[in-house]
Structure formats: C-alpha cells, structure tokens
$ cat model-v5.cif   # mmCIF, C-alpha atoms and all ligand atoms
data_coords
#
loop_
_atom_site.label_atom_id
_atom_site.label_comp_id
_atom_site.auth_asym_id
_atom_site.auth_seq_id
_atom_site.Cartn_x
_atom_site.Cartn_y
_atom_site.Cartn_z
CA MET A 689 0.00 0.00 0.00
CA ALA A 690 1.24 3.53 -0.82
CA TYR A 691 2.25 5.65 2.14
CA GLY A 692 0.12 8.63 3.16
CA THR A 693 1.36 12.23 3.09
CA LEU A 694 2.69 13.94 6.19
CA TYR A 695 1.44 17.53 6.35
CA GLY A 696 2.71 20.27 8.64
CA VAL A 697 -0.18 22.69 8.89
CA GLY A 698 0.24 26.21 10.31
CA VAL A 699 -2.96 27.44 11.93
CA GLY A 700 -1.86 31.04 12.50
CA PRO A 701 -1.14 33.09 15.62
CA GLY A 702 -4.51 32.92 17.36
CA ALA A 703 -7.44 34.48 15.54
CA SER A 704 -9.40 31.77 13.77
CA ASP A 705 -9.95 33.98 10.74
CA LEU A 706 -6.18 34.01 10.21
CA LEU A 707 -6.35 30.31 9.43
CA THR A 708 -5.69 29.93 5.70
CA LEU A 709 -8.17 28.40 3.27
CA ARG A 710 -5.55 25.77 2.42
CA ALA A 711 -5.10 24.83 6.08
CA VAL A 712 -8.83 24.27 6.48
CA ARG A 713 -9.00 22.26 3.24
CA VAL A 714 -6.08 19.99 4.22
CA LEU A 715 -7.41 19.54 7.79
CA ARG A 716 -10.86 18.55 6.51
CA ARG A 717 -9.40 16.03 4.05
CA ALA A 718 -6.74 14.30 6.17
CA GLY A 719 -7.45 10.87 7.64
CA VAL A 720 -5.64 11.84 10.85
CA VAL A 721 -5.10 15.20 12.55
CA VAL A 722 -2.21 15.15 15.03
CA ILE A 723 -2.79 17.59 17.88
CA PRO A 724 0.36 18.33 19.90
CA ARG A 725 0.07 19.20 23.58
CA ARG A 726 2.53 19.79 26.43
CA SER A 727 1.16 17.17 28.82
CA GLU A 728 -1.56 14.53 29.07
CA THR A 729 -3.87 17.05 30.70
CA ALA A 730 -2.99 20.22 28.76
CA SER A 731 -5.27 21.52 26.04
CA SER A 732 -3.88 22.45 22.64
CA LEU A 733 -3.84 26.09 21.54
CA ALA A 734 -3.44 25.05 17.90
CA TRP A 735 -6.59 22.94 18.13
CA ARG A 736 -8.51 25.69 19.92
CA ILE A 737 -7.70 27.88 16.91
CA ALA A 738 -8.40 25.32 14.18
CA GLY A 739 -10.99 22.99 15.69
CA PRO A 740 -14.06 25.22 15.36
CA GLU A 741 -13.26 26.01 11.72
CA VAL A 742 -12.58 22.39 10.75
CA GLY A 743 -15.67 21.05 12.53
CA GLU A 744 -16.72 17.41 12.66
CA VAL A 745 -15.24 15.22 9.94
CA PRO A 746 -16.79 11.72 9.81
CA GLY A 747 -14.18 8.97 10.08
CA GLN A 748 -11.31 11.36 10.85
CA GLU A 749 -9.02 10.47 13.76
CA ARG A 750 -7.89 13.26 16.10
CA LEU A 751 -4.69 11.99 17.62
CA PHE A 752 -3.42 13.88 20.70
CA LEU A 753 0.34 13.42 21.16
CA THR A 754 2.35 14.73 24.10
CA PHE A 755 5.53 16.78 23.68
CA PRO A 756 6.92 17.55 27.15
CA MET A 757 8.36 21.07 27.61
CA THR A 758 11.83 20.01 28.68
CA LYS A 759 15.36 19.76 27.33
CA ASP A 760 15.97 16.54 29.31
CA PRO A 761 16.78 13.77 26.78
CA ALA A 762 15.64 11.09 29.27
CA VAL A 763 12.12 12.53 29.03
CA LEU A 764 12.22 13.63 25.39
CA ALA A 765 13.53 10.42 23.81
CA PRO A 766 10.65 8.13 24.87
CA ALA A 767 8.08 10.82 24.07
CA TRP A 768 9.48 11.15 20.53
CA ASP A 769 9.70 7.37 20.10
CA GLU A 770 5.98 7.23 20.78
CA VAL A 771 5.32 10.05 18.29
CA PHE A 772 7.33 8.30 15.55
CA LEU A 773 5.54 5.02 16.28
CA GLN A 774 2.04 6.54 16.16
CA VAL A 775 2.63 8.74 13.11
CA GLY A 776 4.56 5.98 11.27
CA ARG A 777 1.80 3.40 11.73
CA ARG A 778 -0.75 5.68 10.13
CA LEU A 779 1.46 6.78 7.23
CA GLU A 780 2.28 3.13 6.50
CA ALA A 781 -1.45 2.38 6.43
CA GLY A 782 -1.81 4.94 3.63
CA LEU A 783 -3.44 7.63 5.77
CA ASP A 784 -2.67 11.31 5.31
CA VAL A 785 -1.47 12.72 8.63
CA ALA A 786 -1.85 16.47 9.26
CA PHE A 787 0.21 17.81 12.16
CA ILE A 788 -1.13 21.18 13.36
CA THR A 789 1.09 23.89 14.71
CA GLU A 790 0.42 27.37 16.07
CA GLY A 791 1.68 30.09 13.70
CA ASP A 792 3.89 28.65 10.98
CA PRO A 793 5.17 25.04 10.99
CA LEU A 794 8.76 25.97 10.06
CA PHE A 795 9.22 28.74 12.61
CA PHE A 796 10.11 27.41 16.09
CA SER A 797 7.79 24.47 15.80
CA THR A 798 7.77 20.84 16.91
CA PHE A 799 6.91 19.93 13.35
CA VAL A 800 10.48 20.78 12.26
CA TYR A 801 11.82 17.68 14.08
CA LEU A 802 9.19 15.44 12.53
CA MET A 803 9.91 16.84 9.08
CA GLU A 804 13.64 16.31 9.49
CA ALA A 805 13.18 12.73 10.70
CA ALA A 806 10.67 11.80 7.97
CA PRO A 807 13.01 11.02 5.02
CA SER A 808 14.99 8.41 6.98
CA ARG A 809 12.04 6.94 8.88
CA TRP A 810 9.46 6.91 6.10
CA PRO A 811 11.32 7.43 2.80
CA GLU A 812 8.22 6.64 0.78
CA ALA A 813 6.03 9.25 2.47
CA ARG A 814 5.60 12.67 0.89
CA VAL A 815 5.98 15.67 3.20
CA GLU A 816 4.11 18.89 2.55
CA VAL A 817 4.09 22.13 4.51
CA VAL A 818 1.09 24.44 4.67
CA PRO A 819 2.49 27.79 5.78
CA GLY A 820 0.66 29.75 8.45
CA VAL A 821 0.59 33.40 9.54
CA SER A 822 3.47 33.60 11.97
CA SER A 823 3.48 35.37 15.33
CA LEU A 824 6.24 37.61 13.94
CA THR A 825 3.99 39.31 11.45
CA ALA A 826 1.00 39.13 13.80
CA ALA A 827 2.90 40.94 16.58
CA ALA A 828 4.13 43.60 14.15
CA ALA A 829 0.58 44.06 12.86
CA VAL A 830 -1.07 44.55 16.25
CA ALA A 831 1.74 46.85 17.44
CA GLY A 832 1.61 48.82 14.17
CA ILE A 833 5.36 48.46 13.60
CA PRO A 834 6.78 48.02 10.08
CA LEU A 835 9.30 45.21 10.47
CA VAL A 836 11.87 46.02 7.80
CA ASP A 837 12.17 48.44 4.94
CA GLY A 838 14.89 49.87 2.76
CA GLN A 839 18.32 48.86 4.03
CA GLU A 840 17.07 47.55 7.36
CA ARG A 841 18.19 44.15 8.61
CA MET A 842 16.22 42.02 11.02
CA ALA A 843 17.21 39.44 13.64
CA VAL A 844 14.99 36.94 15.42
CA VAL A 845 16.35 35.79 18.76
CA PRO A 846 14.74 33.36 21.20
CA ALA A 847 15.43 34.95 24.59
CA THR A 848 15.69 31.49 26.12
CA TYR A 849 19.02 31.06 24.31
CA GLY A 850 20.24 34.48 23.31
CA VAL A 851 20.17 37.04 26.14
CA GLU A 852 23.94 36.83 26.77
CA ASP A 853 24.88 38.38 23.44
CA LEU A 854 21.84 40.63 23.18
CA ALA A 855 24.01 43.78 23.27
CA HIS A 856 25.78 42.60 20.12
CA VAL A 857 22.51 41.78 18.33
CA LEU A 858 20.98 45.12 19.31
CA GLU A 859 24.05 46.85 17.90
CA GLU A 860 24.14 44.92 14.60
CA PHE A 861 20.51 44.88 13.50
CA ASP A 862 17.80 47.47 12.84
CA THR A 863 14.82 45.39 13.92
CA ILE A 864 15.12 42.72 16.59
CA LEU A 865 12.35 40.30 17.50
CA LEU A 866 12.81 38.59 20.82
CA THR A 867 10.61 35.53 21.12
CA LYS A 868 10.09 33.38 24.24
CA VAL A 869 10.78 36.39 26.46
CA SER A 870 8.46 35.48 29.31
CA SER A 871 11.00 34.45 31.95
CA HIS A 872 13.75 36.76 30.68
CA MET A 873 12.03 40.13 30.67
CA ALA A 874 14.22 41.62 33.42
CA GLN A 875 17.45 40.85 31.49
CA VAL A 876 15.90 42.05 28.22
CA VAL A 877 14.85 45.37 29.76
CA GLU A 878 18.29 45.80 31.32
CA ALA A 879 20.04 45.21 27.97
CA LEU A 880 17.69 47.60 26.15
CA GLU A 881 18.24 50.28 28.78
CA ARG A 882 22.02 49.91 28.51
CA GLN A 883 21.83 50.43 24.72
CA GLY A 884 19.41 53.37 25.06
CA LEU A 885 16.74 51.42 23.16
CA LEU A 886 14.03 50.97 25.77
CA ASP A 887 11.78 53.53 24.09
CA ARG A 888 12.20 51.72 20.73
CA ALA A 889 10.84 48.43 22.15
CA VAL A 890 7.26 47.16 22.38
CA TYR A 891 5.99 44.09 24.24
CA VAL A 892 3.22 42.15 22.51
CA SER A 893 1.44 39.22 24.07
CA ARG A 894 -1.29 36.99 22.64
CA ALA A 895 -1.30 38.86 19.32
CA THR A 896 -4.67 38.37 17.60
CA MET A 897 -5.89 36.09 20.45
CA GLU A 898 -8.26 36.75 23.29
CA GLY A 899 -6.37 38.77 25.94
CA GLU A 900 -4.09 40.47 23.40
CA LEU A 901 -1.83 43.08 24.99
CA VAL A 902 0.46 45.73 23.46
CA GLU A 903 2.60 47.44 26.10
CA ARG A 904 5.00 50.24 25.18
CA ASP A 905 6.39 50.65 28.71
CA LEU A 906 8.41 47.49 29.22
CA ARG A 907 9.12 48.29 32.87
CA ARG A 908 5.45 47.64 33.59
CA VAL A 909 5.76 44.17 32.06
CA VAL A 910 8.71 43.30 34.29
CA GLN A 911 6.64 44.20 37.33
CA GLY A 912 3.60 42.25 36.17
CA ARG A 913 3.00 38.76 34.84
CA CYS A 914 4.59 37.77 31.58
CA ASP A 915 2.84 35.50 29.11
CA TYR A 916 4.45 32.54 27.29
CA PHE A 917 2.86 33.79 24.06
CA SER A 918 4.71 37.08 24.06
CA MET A 919 7.56 38.79 22.28
CA VAL A 920 9.44 42.08 22.24
CA VAL A 921 9.80 44.01 18.99
CA VAL A 922 12.69 46.47 18.87
CA SER A 923 12.65 48.84 15.92
CA LYS A 924 15.52 51.33 15.71
CA LYS A 925 14.37 53.05 12.51
CA GLU A 926 17.78 54.38 11.55
CA ASN A 927 18.00 52.91 8.05
CA ASN A 928 14.44 52.73 6.84
CA GLY A 929 12.93 53.64 3.47
CA LEU A 930 13.53 55.97 0.59
CA LEU A 931 10.81 58.51 1.37
CA LEU A 932 10.98 58.73 5.13
CA GLY A 933 13.53 58.03 7.82
CA GLN A 934 17.12 58.86 8.55
CA ALA A 935 18.63 57.17 5.47
CA ALA A 936 16.45 59.37 3.28
CA GLN A 937 17.40 62.43 5.29
CA ARG A 938 21.09 61.66 4.76
CA ALA A 939 20.47 61.46 1.00
CA VAL A 940 18.70 64.87 1.03
CA ASN A 941 21.56 66.39 3.01
CA ASP A 942 24.12 65.03 0.57
CA ARG A 943 22.55 66.71 -2.46
CA PRO A 944 24.31 69.85 -3.79
CA GLY A 945 23.14 72.66 -1.51
CA GLY A 946 22.19 70.19 1.24
CA HIS A 947 24.12 69.66 4.46
CA SER A 948 27.01 67.29 3.76
CA SER A 949 27.32 64.09 5.73
CA ARG A 950 30.58 62.40 6.66
CA ASP A 951 29.33 58.85 6.30
CA GLN A 952 27.90 59.22 2.82
CA PRO A 953 25.79 56.17 1.85
CA ALA A 954 26.22 54.71 -1.66
CA ALA A 955 23.37 56.02 -3.84
CA GLY A 956 22.44 52.54 -5.06
CA LYS A 957 21.99 51.33 -1.50
CA LEU A 958 19.41 53.89 -0.56
CA GLY A 959 15.78 53.24 -0.04
CA GLY A 960 13.27 50.43 -0.15
CA GLY A 961 12.59 47.96 -2.94
CA MET A 962 11.07 48.53 -6.33
CA ALA A 963 7.50 49.74 -6.53
CA GLY A 964 5.29 46.71 -6.16
CA ASP A 965 7.71 44.75 -3.94
C1 LIG A 1001 7.28 27.73 20.06
S1 LIG A 1001 7.21 29.34 19.40
C2 LIG A 1001 5.93 29.13 18.20
C3 LIG A 1001 6.06 30.09 17.05
C4 LIG A 1001 5.03 29.81 15.98
N1 LIG A 1001 5.32 28.58 15.26
C5 LIG A 1001 4.90 30.96 14.99
O1 LIG A 1001 5.06 30.77 13.78
O2 LIG A 1001 4.62 32.07 15.44
C6 LIG A 1001 6.40 30.17 20.70
C7 LIG A 1001 6.83 31.62 20.80
O3 LIG A 1001 6.30 32.35 19.70
C8 LIG A 1001 5.84 33.62 20.14
N2 LIG A 1001 4.38 33.69 19.92
C9 LIG A 1001 3.61 32.72 19.43
N3 LIG A 1001 2.34 33.16 19.27
C10 LIG A 1001 2.32 34.43 19.69
C11 LIG A 1001 1.30 35.42 19.74
N4 LIG A 1001 0.05 35.17 19.32
N5 LIG A 1001 1.63 36.65 20.22
C12 LIG A 1001 2.89 36.92 20.60
N6 LIG A 1001 3.90 36.02 20.56
C13 LIG A 1001 3.62 34.80 20.10
C14 LIG A 1001 6.20 33.74 21.62
O4 LIG A 1001 7.46 34.39 21.70
C15 LIG A 1001 6.28 32.29 22.04
O5 LIG A 1001 7.11 32.14 23.18
#

$ encode --input "model-v5.cif" --output "structure tokens" --more "lines below"
Ligand SMILES: C[S@@+](CC[C@H](N)C(=O)[O-])C[C@H]1O[C@@H](n2cnc3c(N)ncnc32)[C@H](O)[C@@H]1O
Amino acid sequence: MAYGTLYGVGVGPGASDLLTLRAVRVLRRAGVVVIPRRSETASSLAWRIAGPEVGEVPGQERLFLTFPMTKDPAVLAPAWDEVFLQVGRRLEAGLDVAFITEGDPLFFSTFVYLMEAAPSRWPEARVEVVPGVSSLTAAAAVAGIPLVDGQERMAVVPATYGVEDLAHVLEEFDTILLTKVSSHMAQVVEALERQGLLDRAVYVSRATMEGELVERDLRRVVQGRCDYFSMVVVSKKENNGLLLGQAAQRAVNDRPGGHSSRDQPAAGKLGGGMAGD
C-alpha cells in the first residue's frame, strides 16, 4: 500500500480567521489530525484555533500526542519514540497525517523535528508544509510596527538562548524580534536600557488572540505577569525607506546645496525595494 502524506499545517497566531483556506482544506481532508500538547492534561492552543473552523469530519481520527516542555533527553527520547511510532503506523497504512502547529510550521515548531526525521524513517512518504501566519507578522501588525524596509536588517532571537549576546545583536541589526521572552524580561529590559533602546521596544502578548496586549512601557511588564505567548519588537528606525527616515534624510543632506554628511551612503543602496515589492 502507498504511504500517506505527512502535512505540517500552520494554523496562524490565534485568531481563527487568520487560518488559511488551504489549512482548512487539508485539515478537513486528512485521515488523521495530530494535535500536539505539552502534557496529558494540557489543552492544545493550535486545536482551539483550528478545531471550530474544521468542525466534525466523519471517520477522521484526532490523535493527541504529548511533547513535554523540557530539554531533558531522558524525558524527550521516549516521548518522541511514541510520536514516531504513532505517526509511522498511520502513514504506513496509507493515511494522510496532518500535524497542526500554532503560527507557521517551520518557525520554532515541533513539526520541524518530525519533518527532518521523515526522510529516513518513512522514505516513501511525501511531506508537505502548509504555511501559516506567523506570530512575527501578527505581533508587528497589532503593534503597528513596520518590520523592515529599505536597508534595514532584522534578527529573530529566542530569549531562552540568546540574552547573553543581546548587546551585540541590538548593535548589529535594525529590527530585533525577541521571542520566548516570558521568563527573561528583566534581562531584556536591562540590555535595552544599557543600549538606550528601551523607548524603541514594544511588548506584545497573545497577538490576535483573546487577551491580546500591546505594552510600550516594558518596565510595567517586568513588574507584572509575563505571558508565554509574548515577544518584544525592537525597531531602531535608523535605516528605513527611501521617502521617510534617517537614510532618506542623509540622501537629502548630501545633495548639492544640502548639508554634507561624513558617512555618505552609496546612492544605489538607498531606499526600499522597487514599486510593487
Ligand atoms: C514555540 S514558538 C511558536 C512560534 C510559531 N510557530 C509561529 O510561527 O509564530 C512560541 C513563541 O512564539 C511567540 N508567539 C507565538 N504566538 C504568539 C502570539 N500570538 N503573540 C505573541 N507572541 C507569540 C512567543 O514568543 C512564544 O514564546
């Protein structure tokens, strides 16, 4: 029997109307929907987002699999063995298996490990990714912050791993997105203060979900409770677009009759993309 297809399906950042038409179509057609959760008793955010839109599908299996939130290999290895066993059995039986993930499946998602293991475990199974609206663009949207434009460069840093060299990242990039900030807010605020960037940073939690919060005074977040579904967007706005911003101002100053600038940018490097980008 031919193997089924393994789908990684992004269900978006929280609002059910940010679920894509393709995600709904694939989730209604699959023989099995895999619903990841953190423990046997935890509910799944991804399923809370997608479930009501997918509705009842006769004959479809909804398979809850547990992915413990730990870095301990003694706990992770048996949990993953079980996942491989359960998913493998169904693919071998010719069933399409759709693994749902909050946001996008290729951006900090459990699905990445499954996708990477698939070719060696189930070489005959096709793997397909259904992209979802990521929390990156959702957070930018609710905070009203353009992420990058013109010559700007962006970095995404999970605070769980990257607070030690945050000063370097803040120096090097124009826009910095700090994910998984919840238990690191005090260090993040300290680093931003040291670089004089605290007023360029916005905290966004539960973007597009119930309980969404946009907080421009990060000190208040440190004092209060910090949500797992939260990130900090730092936007320096020193190198943005052709029409507005400091890069444009430098170009105006460098024209004959304008104020000259010492660090003259190359003309070809100025500004945003082509019209229609
Ligand atoms: C495991 S990652 C999942 C990312 C997801 N795959 C995506 O594409 O957005 C979890 C982290 O993403 C961020 N995140 C996810 N959803 C969010 C939301 N709705 N609002 C703000 N941050 C969110 C938080 O930083 C959280 O700690």

$ atom_distance --input "model-v5.cif" --atom1 "CA of Leu779 in chain A" --atom2 "CA of Val817 in chain A"
15.8 Å

$ closest_residue --input "model-v5.cif" --among "A:Asn928, A:Thr729, A:Ser823, A:Thr693" --to "Gly776 in chain A" --atoms "only C-alpha atoms"
A:Thr693

$ axis_aligned_box --input "model-v5.cif" --around "range 886-901 of chain A" --padding-each-side "5 Å" --output "AutoDock Vina command-line options"
--center_x 2.9 --center_y 44.8 --center_z 21.8 --size_x 32.3 --size_y 27.4 --size_z 18.3

$ residues_near_ligand --input "model-v5.cif" --ligand "ligand LIG 1001 (chain A)" --cutoff "8 Å" --atoms "all atoms listed in the file" --output "ChimeraX atom specification"
/A:698,700-702,789-798,820-824,826-827,846,866-870,892-897,900,916-920

$ atom_distance --input "model-v5.cif" --atom1 "CA of Gly912 in chain A" --atom2 "CA of Ile737 in chain A"
26.6 Å

$ atom_distance --input "model-v5.cif" --atom1 "CA of Val890 in chain A" --atom2 "CA of Val921 in chain A"
5.3 Å

$ residues_near_point --input "model-v5.cif" --point "(1.2, 17.4, 6.6)" --cutoff "10 Å" --atoms "only C-alpha atoms" --output "JSON list (two decimals) with C-alpha atoms, in the coordinates of the input"
[["chain", "number", "residue", "atom", "x", "y", "z"],
["A", 692, "GLY", "CA", 0.12, 8.63, 3.16],
["A", 693, "THR", "CA", 1.36, 12.23, 3.09],
["A", 694, "LEU", "CA", 2.69, 13.94, 6.19],
["A", 695, "TYR", "CA", 1.44, 17.53, 6.35],
["A", 696, "GLY", "CA", 2.71, 20.27, 8.64],
["A", 697, "VAL", "CA", -0.18, 22.69, 8.89],
["A", 698, "GLY", "CA", 0.24, 26.21, 10.31],
["A", 711, "ALA", "CA", -5.10, 24.83, 6.08],
["A", 714, "VAL", "CA", -6.08, 19.99, 4.22],
["A", 715, "LEU", "CA", -7.41, 19.54, 7.79],
["A", 718, "ALA", "CA", -6.74, 14.30, 6.17],
["A", 720, "VAL", "CA", -5.64, 11.84, 10.85],
["A", 721, "VAL", "CA", -5.10, 15.20, 12.55],
["A", 722, "VAL", "CA", -2.21, 15.15, 15.03],
["A", 784, "ASP", "CA", -2.67, 11.31, 5.31],
["A", 785, "VAL", "CA", -1.47, 12.72, 8.63],
["A", 786, "ALA", "CA", -1.85, 16.47, 9.26],
["A", 787, "PHE", "CA", 0.21, 17.81, 12.16],
["A", 788, "ILE", "CA", -1.13, 21.18, 13.36],
["A", 793, "PRO", "CA", 5.17, 25.04, 10.99],
["A", 799, "PHE", "CA", 6.91, 19.93, 13.35],
["A", 803, "MET", "CA", 9.91, 16.84, 9.08],
["A", 814, "ARG", "CA", 5.60, 12.67, 0.89],
["A", 815, "VAL", "CA", 5.98, 15.67, 3.20],
["A", 816, "GLU", "CA", 4.11, 18.89, 2.55],
["A", 817, "VAL", "CA", 4.09, 22.13, 4.51],
["A", 818, "VAL", "CA", 1.09, 24.44, 4.67]]

$ residues_near_point --input "model-v5.cif" --point "(17.7, 43.6, 41.5)" --cutoff "12 Å" --atoms "only C-alpha atoms" --output "number ranges by chain"
A: 874-875, 878, 910-911

$ write_last_selection --input "model-v5.cif" --atoms "C-alpha atoms" --output "short mmCIF file (atom, residue, chain, number, x, y, z; two decimals), in the frame of the given file"
data_model
loop_
_atom_site.label_atom_id
_atom_site.label_comp_id
_atom_site.auth_asym_id
_atom_site.auth_seq_id
_atom_site.Cartn_x
_atom_site.Cartn_y
_atom_site.Cartn_z
CA ALA A 874 14.22 41.62 33.42
CA GLN A 875 17.45 40.85 31.49
CA GLU A 878 18.29 45.80 31.32
CA VAL A 910 8.71 43.30 34.29
CA GLN A 911 6.64 44.20 37.33
#

$ residues_around --input "model-v5.cif" --residues "Ala879 in chain A" --least-positions-apart "5" --cutoff "12 Å" --atoms "all atoms listed in the file" --output "VMD selection string"
chain A and resid 847 850 to 859 872 to 874 884 to 886 889 906 922

$ write_last_selection --input "model-v5.cif" --atoms "C-alpha atoms" --output "compact mmCIF listing (two decimals), in the coordinates of the input"
# COMPACT_ATOMS: atom_id res chain seq x y z
CA ALA A 847 15.43 34.95 24.59
CA GLY A 850 20.24 34.48 23.31
CA VAL A 851 20.17 37.04 26.14
CA GLU A 852 23.94 36.83 26.77
CA ASP A 853 24.88 38.38 23.44
CA LEU A 854 21.84 40.63 23.18
CA ALA A 855 24.01 43.78 23.27
CA HIS A 856 25.78 42.60 20.12
CA VAL A 857 22.51 41.78 18.33
CA LEU A 858 20.98 45.12 19.31
CA GLU A 859 24.05 46.85 17.90
CA HIS A 872 13.75 36.76 30.68
CA MET A 873 12.03 40.13 30.67
CA ALA A 874 14.22 41.62 33.42
CA GLY A 884 19.41 53.37 25.06
CA LEU A 885 16.74 51.42 23.16
CA LEU A 886 14.03 50.97 25.77
CA ALA A 889 10.84 48.43 22.15
CA LEU A 906 8.41 47.49 29.22
CA VAL A 922 12.69 46.47 18.87

$ decode --input "model-v5.cif" --residues "range 873-886 of chain A" --atoms "N, CA and C atoms" --output "tab-separated table (two decimals), in the first residue's frame"
chain	number	residue	atom	x	y	z
A	873	MET	N	12.33	38.71	30.91
A	873	MET	CA	12.03	40.13	30.67
A	873	MET	C	12.98	41.07	31.42
A	874	ALA	N	13.36	40.71	32.65
A	874	ALA	CA	14.22	41.62	33.42
A	874	ALA	C	15.56	41.83	32.71
A	875	GLN	N	16.16	40.72	32.20
A	875	GLN	CA	17.45	40.85	31.49
A	875	GLN	C	17.27	41.61	30.17
A	876	VAL	N	16.15	41.37	29.50
A	876	VAL	CA	15.90	42.05	28.22
A	876	VAL	C	15.79	43.56	28.45
A	877	VAL	N	15.03	43.94	29.47
A	877	VAL	CA	14.85	45.37	29.76
A	877	VAL	C	16.20	46.02	30.13
A	878	GLU	N	16.96	45.30	30.92
A	878	GLU	CA	18.29	45.80	31.32
A	878	GLU	C	19.17	46.06	30.09
A	879	ALA	N	19.20	45.08	29.18
A	879	ALA	CA	20.04	45.21	27.97
A	879	ALA	C	19.55	46.37	27.10
A	880	LEU	N	18.23	46.51	26.97
A	880	LEU	CA	17.69	47.60	26.15
A	880	LEU	C	18.02	48.95	26.77
A	881	GLU	N	17.94	49.02	28.09
A	881	GLU	CA	18.24	50.28	28.78
A	881	GLU	C	19.71	50.67	28.56
A	882	ARG	N	20.58	49.67	28.68
A	882	ARG	CA	22.02	49.91	28.51
A	882	ARG	C	22.33	50.47	27.12
A	883	GLN	N	21.56	50.00	26.11
A	883	GLN	CA	21.83	50.43	24.72
A	883	GLN	C	21.01	51.68	24.37
A	884	GLY	N	20.25	52.19	25.33
A	884	GLY	CA	19.41	53.37	25.06
A	884	GLY	C	18.27	53.05	24.10
A	885	LEU	N	17.77	51.81	24.13
A	885	LEU	CA	16.74	51.42	23.16
A	885	LEU	C	15.39	51.07	23.81
A	886	LEU	N	15.26	51.38	25.09
A	886	LEU	CA	14.03	50.97	25.77
A	886	LEU	C	12.80	51.62	25.13
